[in-house]
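J.: File name start-v1.cif; file contents mmCIF, C-alpha atoms and all ligand atoms; full text below.
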```
data_structure
loop_
_atom_site.label_atom_id
_atom_site.label_comp_id
_atom_site.auth_asym_id
_atom_site.auth_seq_id
_atom_site.Cartn_x
_atom_site.Cartn_y
_atom_site.Cartn_z
CA MET A 1 166.01 124.58 -61.31
CA LYS A 2 168.78 126.70 -59.82
CA ARG A 3 170.18 123.58 -58.29
CA ILE A 4 170.67 121.87 -61.64
CA TYR A 5 172.13 125.05 -63.04
CA ARG A 6 174.75 124.95 -60.31
CA GLN A 7 175.42 121.26 -60.75
CA LEU A 8 176.12 121.73 -64.40
CA THR A 9 178.06 124.95 -64.44
CA ALA A 10 181.19 122.87 -64.87
CA LEU A 11 180.11 122.01 -68.39
CA ALA A 12 181.46 124.61 -70.77
CA LEU A 13 180.05 124.58 -74.27
CA GLY A 14 183.18 126.25 -75.61
CA THR A 15 185.34 123.37 -74.42
CA MET A 16 182.76 120.88 -75.59
CA LEU A 17 182.75 122.39 -79.05
CA ALA A 18 186.53 122.37 -79.19
CA SER A 19 186.59 118.63 -78.61
CA GLN A 20 183.63 117.08 -80.32
CA ALA A 21 184.39 113.54 -79.28
CA TRP A 22 181.34 113.44 -77.04
CA ALA A 23 179.08 114.74 -79.74
CA PHE A 24 179.31 111.56 -81.70
CA GLY A 25 179.17 109.23 -78.71
CA GLY A 26 175.50 110.09 -78.74
CA PHE A 27 173.02 107.65 -77.35
CA ASN A 28 174.33 104.16 -76.79
CA LEU A 29 171.66 101.56 -76.40
CA ASP A 30 172.06 100.25 -72.90
CA LEU A 31 170.36 96.86 -73.08
CA ASN A 32 170.57 96.13 -69.34
CA LYS A 33 168.91 99.38 -68.59
CA ILE A 34 166.17 98.74 -71.13
CA ILE A 35 165.49 95.28 -69.72
CA SER A 36 165.48 96.48 -66.13
CA ALA A 37 163.18 99.33 -67.05
CA GLY A 38 160.53 96.60 -67.42
CA LYS A 39 157.07 97.97 -67.46
CA ASN A 40 158.34 101.51 -67.88
CA LEU A 41 158.99 100.58 -71.48
CA SER A 42 155.32 100.45 -72.26
CA GLU A 43 155.05 103.97 -70.91
CA ALA A 44 158.08 104.98 -72.93
CA SER A 45 156.46 103.99 -76.17
CA LYS A 46 153.69 106.48 -75.59
CA GLU A 47 153.94 110.09 -76.58
CA ILE A 48 156.13 112.20 -74.32
CA SER A 49 153.88 113.98 -71.83
CA GLU A 50 153.98 117.70 -71.22
CA PRO A 51 155.61 117.36 -67.75
CA GLU A 52 158.29 115.12 -69.33
CA GLU A 53 158.78 117.63 -72.13
CA ILE A 54 159.25 120.39 -69.54
CA SER A 55 161.73 118.30 -67.51
CA ILE A 56 163.79 117.53 -70.59
CA GLY A 57 163.78 121.22 -71.48
CA GLU A 58 164.94 122.20 -67.99
CA GLY A 59 167.83 119.79 -68.32
CA MET A 60 168.76 121.18 -71.69
CA ALA A 61 168.52 124.76 -70.37
CA SER A 62 170.94 123.76 -67.61
CA VAL A 63 173.41 122.50 -70.19
CA LEU A 64 173.17 125.82 -72.05
CA LEU A 65 173.52 127.87 -68.87
CA GLY A 66 176.53 125.79 -67.87
CA ALA A 67 178.16 126.85 -71.12
CA ALA A 68 177.31 130.54 -71.02
CA PRO A 69 175.87 132.32 -67.97
CA LEU A 70 172.96 134.74 -68.10
CA LEU A 71 173.99 138.33 -68.85
CA LYS A 72 174.12 140.23 -65.56
CA ASN A 73 171.66 142.94 -66.49
CA ASP A 74 168.27 142.69 -64.75
CA ALA A 75 166.65 145.35 -66.94
CA ILE A 76 167.49 143.43 -70.14
CA GLN A 77 166.43 140.07 -68.64
CA THR A 78 163.09 141.56 -67.53
CA TYR A 79 162.61 143.18 -70.93
CA ILE A 80 163.24 139.99 -72.94
CA ASN A 81 160.77 138.16 -70.70
CA GLN A 82 158.15 140.83 -71.24
CA VAL A 83 158.51 140.64 -75.02
CA GLY A 84 158.78 136.84 -75.06
CA ARG A 85 155.86 136.14 -72.75
CA TYR A 86 153.65 138.51 -74.68
CA LEU A 87 154.53 136.64 -77.90
CA SER A 88 153.95 133.25 -76.28
CA LEU A 89 150.46 134.35 -75.22
CA GLN A 90 149.54 134.65 -78.91
CA THR A 91 150.28 130.96 -79.48
CA GLU A 92 148.38 127.72 -78.96
CA ARG A 93 150.51 126.86 -75.92
CA PRO A 94 150.27 129.98 -73.74
CA ASP A 95 150.35 127.96 -70.51
CA LEU A 96 153.81 126.42 -70.86
CA PRO A 97 156.28 127.74 -68.27
CA TRP A 98 157.93 130.11 -70.74
CA HIS A 99 161.29 131.60 -69.69
CA PHE A 100 163.42 133.93 -71.76
CA GLY A 101 167.02 134.88 -71.13
CA VAL A 102 170.00 136.66 -72.63
CA LEU A 103 173.19 134.59 -72.46
CA ASP A 104 176.46 136.42 -71.89
CA SER A 105 178.29 135.32 -75.04
CA VAL A 106 179.81 137.01 -78.07
CA SER A 107 178.74 134.07 -80.21
CA VAL A 108 175.76 135.16 -82.32
CA ASN A 109 173.00 132.63 -81.69
CA ALA A 110 169.61 131.79 -80.21
CA PHE A 111 168.38 128.55 -78.65
CA ALA A 112 165.14 126.96 -77.56
CA THR A 113 164.57 123.95 -75.34
CA PRO A 114 161.45 121.78 -75.06
CA GLY A 115 158.82 123.17 -72.72
CA GLY A 116 159.63 126.83 -73.25
CA HIS A 117 163.16 127.97 -72.30
CA ILE A 118 164.45 130.40 -74.88
CA PHE A 119 167.83 132.09 -74.98
CA VAL A 120 169.37 134.76 -77.17
CA THR A 121 173.07 135.56 -76.85
CA SER A 122 174.16 139.11 -76.06
CA GLY A 123 176.21 138.85 -79.29
CA LEU A 124 173.02 138.43 -81.33
CA LEU A 125 171.12 141.05 -79.33
CA LYS A 126 173.79 143.64 -80.17
CA LYS A 127 173.31 143.00 -83.88
CA MET A 128 169.59 143.86 -83.70
CA HIS A 129 168.08 147.26 -84.41
CA SER A 130 164.50 147.08 -83.10
CA GLU A 131 162.03 145.23 -80.89
CA ALA A 132 160.43 143.84 -84.07
CA GLU A 133 163.74 142.09 -84.85
CA LEU A 134 163.93 140.70 -81.32
CA ALA A 135 160.30 139.56 -81.60
CA GLY A 136 161.09 137.85 -84.91
CA VAL A 137 163.97 135.87 -83.40
CA LEU A 138 162.04 134.95 -80.23
CA SER A 139 159.03 133.89 -82.32
CA HIS A 140 161.24 131.60 -84.44
CA GLU A 141 162.45 129.93 -81.23
CA ILE A 142 158.92 129.80 -79.80
CA ALA A 143 157.87 127.96 -82.98
CA HIS A 144 160.51 125.25 -82.33
CA VAL A 145 158.93 124.71 -78.90
CA LEU A 146 155.36 124.66 -80.22
CA ARG A 147 156.24 122.09 -82.89
CA LYS A 148 158.44 120.04 -80.50
CA HIS A 149 161.30 120.03 -83.00
CA HIS A 150 163.98 119.28 -80.39
CA LEU A 151 162.06 116.34 -78.94
CA ALA A 152 161.65 114.90 -82.42
CA ALA A 153 165.38 115.27 -83.07
CA MET A 154 166.29 113.61 -79.76
CA LYS A 155 163.91 110.74 -80.38
CA LYS A 156 165.36 110.24 -83.84
CA ALA A 157 168.94 110.30 -82.54
CA GLY A 158 168.39 108.33 -79.36
CA GLY A 159 165.66 105.85 -80.20
CA MET A 160 164.81 103.47 -77.37
CA GLY A 161 167.59 104.78 -75.11
CA PHE A 162 166.02 108.21 -75.14
CA LEU A 163 162.51 106.90 -74.52
CA THR A 164 163.72 104.80 -71.58
CA ASP A 165 165.34 107.87 -70.03
CA VAL A 166 162.16 109.82 -70.47
CA ALA A 167 160.22 107.03 -68.76
CA SER A 168 162.59 107.24 -65.81
CA ILE A 169 161.87 110.95 -65.51
CA ALA A 170 158.18 110.08 -65.32
CA VAL A 171 158.85 107.57 -62.53
CA ASP A 172 160.91 110.13 -60.60
CA GLN A 173 158.06 112.58 -60.79
CA LYS A 174 155.52 110.05 -59.60
CA GLY A 175 157.79 109.18 -56.69
CA GLY A 176 157.50 112.75 -55.52
CA GLY A 177 161.24 113.22 -55.66
CA GLY A 178 160.97 115.71 -58.48
CA TYR A 179 163.42 115.79 -61.31
CA ALA A 180 165.35 118.92 -60.48
CA GLY A 181 167.45 117.32 -57.78
CA LYS A 182 168.24 114.13 -59.70
CA GLU A 183 171.23 113.50 -61.86
CA LEU A 184 170.33 113.82 -65.50
CA SER A 185 171.13 110.59 -67.30
CA LYS A 186 174.27 110.59 -69.42
CA ASN A 187 172.24 109.53 -72.45
CA LEU A 188 169.91 112.44 -72.10
CA ILE A 189 172.70 114.97 -71.62
CA SER A 190 174.74 113.68 -74.55
CA GLY A 191 171.63 113.69 -76.72
CA MET A 192 170.95 117.29 -75.81
CA LYS A 193 174.50 118.34 -76.61
CA GLU A 194 174.37 116.48 -79.87
CA ILE A 195 171.28 118.40 -80.94
CA LEU A 196 172.93 121.68 -79.93
CA VAL A 197 175.97 120.94 -82.07
CA ARG A 198 174.32 119.26 -85.03
CA GLY A 199 171.24 121.46 -85.14
CA LEU A 200 167.75 120.52 -86.23
CA ASP A 201 166.46 119.36 -89.59
CA LYS A 202 166.56 122.12 -92.20
CA ASP A 203 162.84 121.74 -92.80
CA ASP A 204 162.21 122.41 -89.11
CA GLU A 205 164.20 125.65 -89.41
CA TYR A 206 162.18 126.78 -92.41
CA GLU A 207 158.97 125.91 -90.60
CA ALA A 208 160.09 127.91 -87.53
CA ASP A 209 160.82 130.89 -89.80
CA ARG A 210 157.32 130.78 -91.31
CA MET A 211 155.58 130.25 -87.98
CA GLY A 212 157.78 132.84 -86.27
CA ILE A 213 156.68 135.49 -88.74
CA VAL A 214 153.03 134.59 -88.12
CA ILE A 215 153.45 134.80 -84.32
CA ALA A 216 155.30 138.15 -84.46
CA THR A 217 152.75 139.61 -86.88
CA ARG A 218 149.81 138.33 -84.86
CA SER A 219 151.38 140.05 -81.83
CA GLY A 220 151.45 143.39 -83.60
CA TYR A 221 155.06 143.51 -84.79
CA ASP A 222 156.36 144.32 -88.24
CA PRO A 223 156.63 140.91 -89.98
CA TYR A 224 159.94 141.96 -91.51
CA GLY A 225 161.75 141.78 -88.16
CA LEU A 226 163.03 138.23 -88.67
CA PRO A 227 163.97 138.77 -92.34
CA ALA A 228 165.91 141.89 -91.24
CA VAL A 229 167.92 139.79 -88.76
CA LEU A 230 168.56 137.16 -91.45
CA GLN A 231 169.91 139.92 -93.68
CA THR A 232 172.25 141.07 -90.91
CA LEU A 233 173.41 137.47 -90.39
CA ASP A 234 174.03 137.09 -94.11
CA GLY A 235 176.43 140.02 -93.86
CA LEU A 236 178.32 138.33 -91.01
CA SER A 237 179.06 135.22 -93.05
CA GLY A 238 182.60 133.97 -92.54
CA THR A 239 183.15 135.57 -89.13
CA SER A 240 183.89 133.33 -86.16
CA ASP A 241 181.02 134.67 -84.04
CA VAL A 242 178.47 133.07 -86.34
CA SER A 243 180.23 129.77 -87.02
CA LEU A 244 177.99 127.63 -84.76
CA LEU A 245 174.83 129.34 -85.99
CA PHE A 246 175.86 128.80 -89.62
CA SER A 247 176.79 125.16 -89.08
CA THR A 248 173.43 124.38 -87.44
CA HIS A 249 171.08 126.36 -89.71
CA PRO A 250 170.45 126.71 -93.43
CA ALA A 251 172.29 129.75 -94.88
CA PRO A 252 170.49 133.04 -94.16
CA ALA A 253 170.24 133.75 -97.91
CA SER A 254 168.38 130.50 -98.49
CA ARG A 255 166.09 131.19 -95.52
CA LEU A 256 165.32 134.62 -97.01
CA ASP A 257 164.65 133.06 -100.43
CA THR A 258 162.32 130.52 -98.88
CA LEU A 259 160.42 133.27 -97.08
CA SER A 260 160.19 135.75 -99.92
CA GLY A 261 157.10 134.32 -101.65
CA LEU A 262 155.24 134.02 -98.35
CA MET A 263 156.15 137.57 -97.32
CA GLN A 264 154.97 139.14 -100.57
CA SER A 265 151.67 137.28 -100.72
CA LYS A 266 150.63 137.41 -97.07
CA PHE A 267 152.61 139.93 -95.02
CA ASP A 268 153.39 143.04 -97.03
CA HIS A 269 150.13 144.50 -95.79
CA TYR A 270 151.51 144.50 -92.24
CA GLN A 271 154.88 146.01 -93.06
CA GLY A 272 155.70 148.93 -90.79
CA GLN A 273 153.25 147.68 -88.15
CA SER A 274 154.57 148.51 -84.70
CA VAL A 275 153.24 147.60 -81.30
CA SER A 276 154.19 151.00 -79.97
CA ASP A 277 152.10 152.69 -82.69
CA ARG A 278 148.93 150.83 -81.76
CA PHE A 279 147.83 153.38 -79.20
CA ARG A 280 148.17 156.25 -81.62
CA ARG A 281 146.36 154.34 -84.35
CA LEU A 282 143.45 153.30 -82.13
CA VAL A 283 143.17 156.45 -80.03
CA PRO A 284 144.02 159.21 -82.50
CA ASN A 285 143.14 162.00 -80.06
CA GLY A 286 144.73 160.32 -77.04
CA GLY A 287 146.08 162.83 -74.53
CA ASN A 288 144.01 165.74 -75.86
CA ASN A 289 140.98 165.39 -73.60
ZN ZN B 1 165.90 127.55 -85.39
#
```
As structure tokens, how would this structure be written, given the file I've shared?

T.:
Amino acid sequence: MKRIYRQLTALALGTMLASQAWAFGGFNLDLNKIISAGKNLSEASKEISEPEEISIGEGMASVLLGAAPLLKNDAIQTYINQVGRYLSLQTERPDLPWHFGVLDSVSVNAFATPGGHIFVTSGLLKKMHSEAELAGVLSHEIAHVLRKHHLAAMKKAGGMGFLTDVASIAVDQKGGGGYAGKELSKNLISGMKEILVRGLDKDDEYEADRMGIVIATRSGYDPYGLPAVLQTLDGLSGTSDVSLLFSTHPAPASRLDTLSGLMQSKFDHYQGQSVSDRFRRLVPNGGNN
């Protein structure tokens, strides 16, 4: 993993965003490659396996880390992993290799990659006021992983080229060479970047909001953590630090509108819930014996 991170540190997302030429190059169907892939094609037409999903996600995490390094603060990195892994345990995919990290960037954003790499920028972290807000954001990203939204977007954008690349990952793994030391294919990398710049389908974002609130609430957090962050983001509208986030997501106000009915009918009961209050609630005389 570290090895790919190093290989790709030359890729800077800032520069990539400044010149978007690559973003629209996207996946080019490489017929020779498809033909030579031969029997791998039949494998490619199958569903993407979990090891393939994880490999793709590691590649995408490398692209992100090449653009913005991890914040050099071990206490914060440990903390975000504690919160994130606890949340992920409350989901139907607790066994994925979940990793959480804070990227050193003033840009206000959060990212997920297939297989369970989740990043929040230090710019977004600074705008938050509580662990419930952090849990809301992480749960939204966890939901993208659970529902495989990025894989669906890559498949849609890349078609057969993407599936062929995925098949070649599978072959590499079977060969015992592992994927981490191999060059990521250009198609796969450009597809990843394209998703990062274009964003996901709006419906996927709304779904991640709904699921994120369920995951955070199930984990014992106030369900209003994510809506509180969306309100903060709404207030940042028009500033440069949120430009990528705003161009890749529905407007915060419309996300709040979409959530409001759900919140009132299902989650008001849990408002004010706090993980740190659980002990006091369950053990009212704790510490007195
Ligand atoms: Zn999202």

J.: Name each residue within 9 Å of ligand ZN 1 (chain B), counting all atoms listed in the file, as number ranges by chain.

T.: A: 110-112, 137, 140-141, 143-144, 199-200, 202, 204-209, 248-249

J.: Could you tell me how far atom CA of A:Val197 lies from atom CA of A:Leu262, in Å and to one decimal?

T.: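 Pair atom CA of A:Val197 / atom CA of A:Leu262 returns 29.4 Å.
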
J.: Between atom CA of A:Ile56 and atom CA of A:Thr121, what distance in Å does the model show, to one decimal?

T.: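 These two atoms are separated by 21.2 Å.
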
J.: Let me make sure I understand: among A:Glu53, A:Ile215, A:Asp104, A:Phe267, which one has the smallest atom-to-atom distance to A:His150 if we use all atoms listed in the file?

T.: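 Ranking A:Glu53, A:Ile215, A:Asp104, A:Phe267 by distance to A:His150, first place goes to A:Glu53.
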
J.: Ranking A:Lys266, A:Arg198, A:Lys186, A:Lys156 by minimum distance to A:Ile213 and counting only C-alpha atoms, which one comes first?

T.: A:Lys266

J.: Between atom CA of A:Ala228 and atom CA of A:Leu134, what is the distance, to one decimal in Å?

T.: 10.2 Å

J.: Residues near A:Ser88, anyone? I mean within 8 Å using all atoms listed in the file, not counting same-chain ones fewer than 5 positions away, as JSON, numbers by chain.

T.: {"A": [93, 94, 98, 139, 142]}

J.: For the selection you just gave me, I'd like the residues written to a file as a PDB file, keeping the file's coordinate frame, keeping C-alpha atoms.

T.:
```pdb
ATOM      1  CA  ARG A  93     150.510 126.860 -75.920  1.00  0.00           C
ATOM      2  CA  PRO A  94     150.270 129.980 -73.740  1.00  0.00           C
ATOM      3  CA  TRP A  98     157.930 130.110 -70.740  1.00  0.00           C
ATOM      4  CA  SER A 139     159.030 133.890 -82.320  1.00  0.00           C
ATOM      5  CA  ILE A 142     158.920 129.800 -79.800  1.00  0.00           C
TER       6      ILE A 142
END
```

J.: Counting only C-alpha atoms, which residue out of A:Ala135, A:Leu89, A:Ala152, A:Leu196 sits closest to A:Leu244?

T.: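 Smallest separation from A:Leu244 among the options: A:Leu196.
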
J.: For A:Tyr79, which residue out of A:Glu131, A:Asp95, A:Asp241, A:Glu47 is the nearest one, using all atoms listed in the file?

T.: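 Smallest distance to A:Tyr79 is found for A:Glu131.
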
J.: Need to verify the contact set: A:Ala132, 7 Å, all atoms listed in the file, exclusion of same-chain residues closer than 5 positions in sequence. Can you return it as a list in words?

T.: Tyr221, Asp222 and Gly225 of chain A
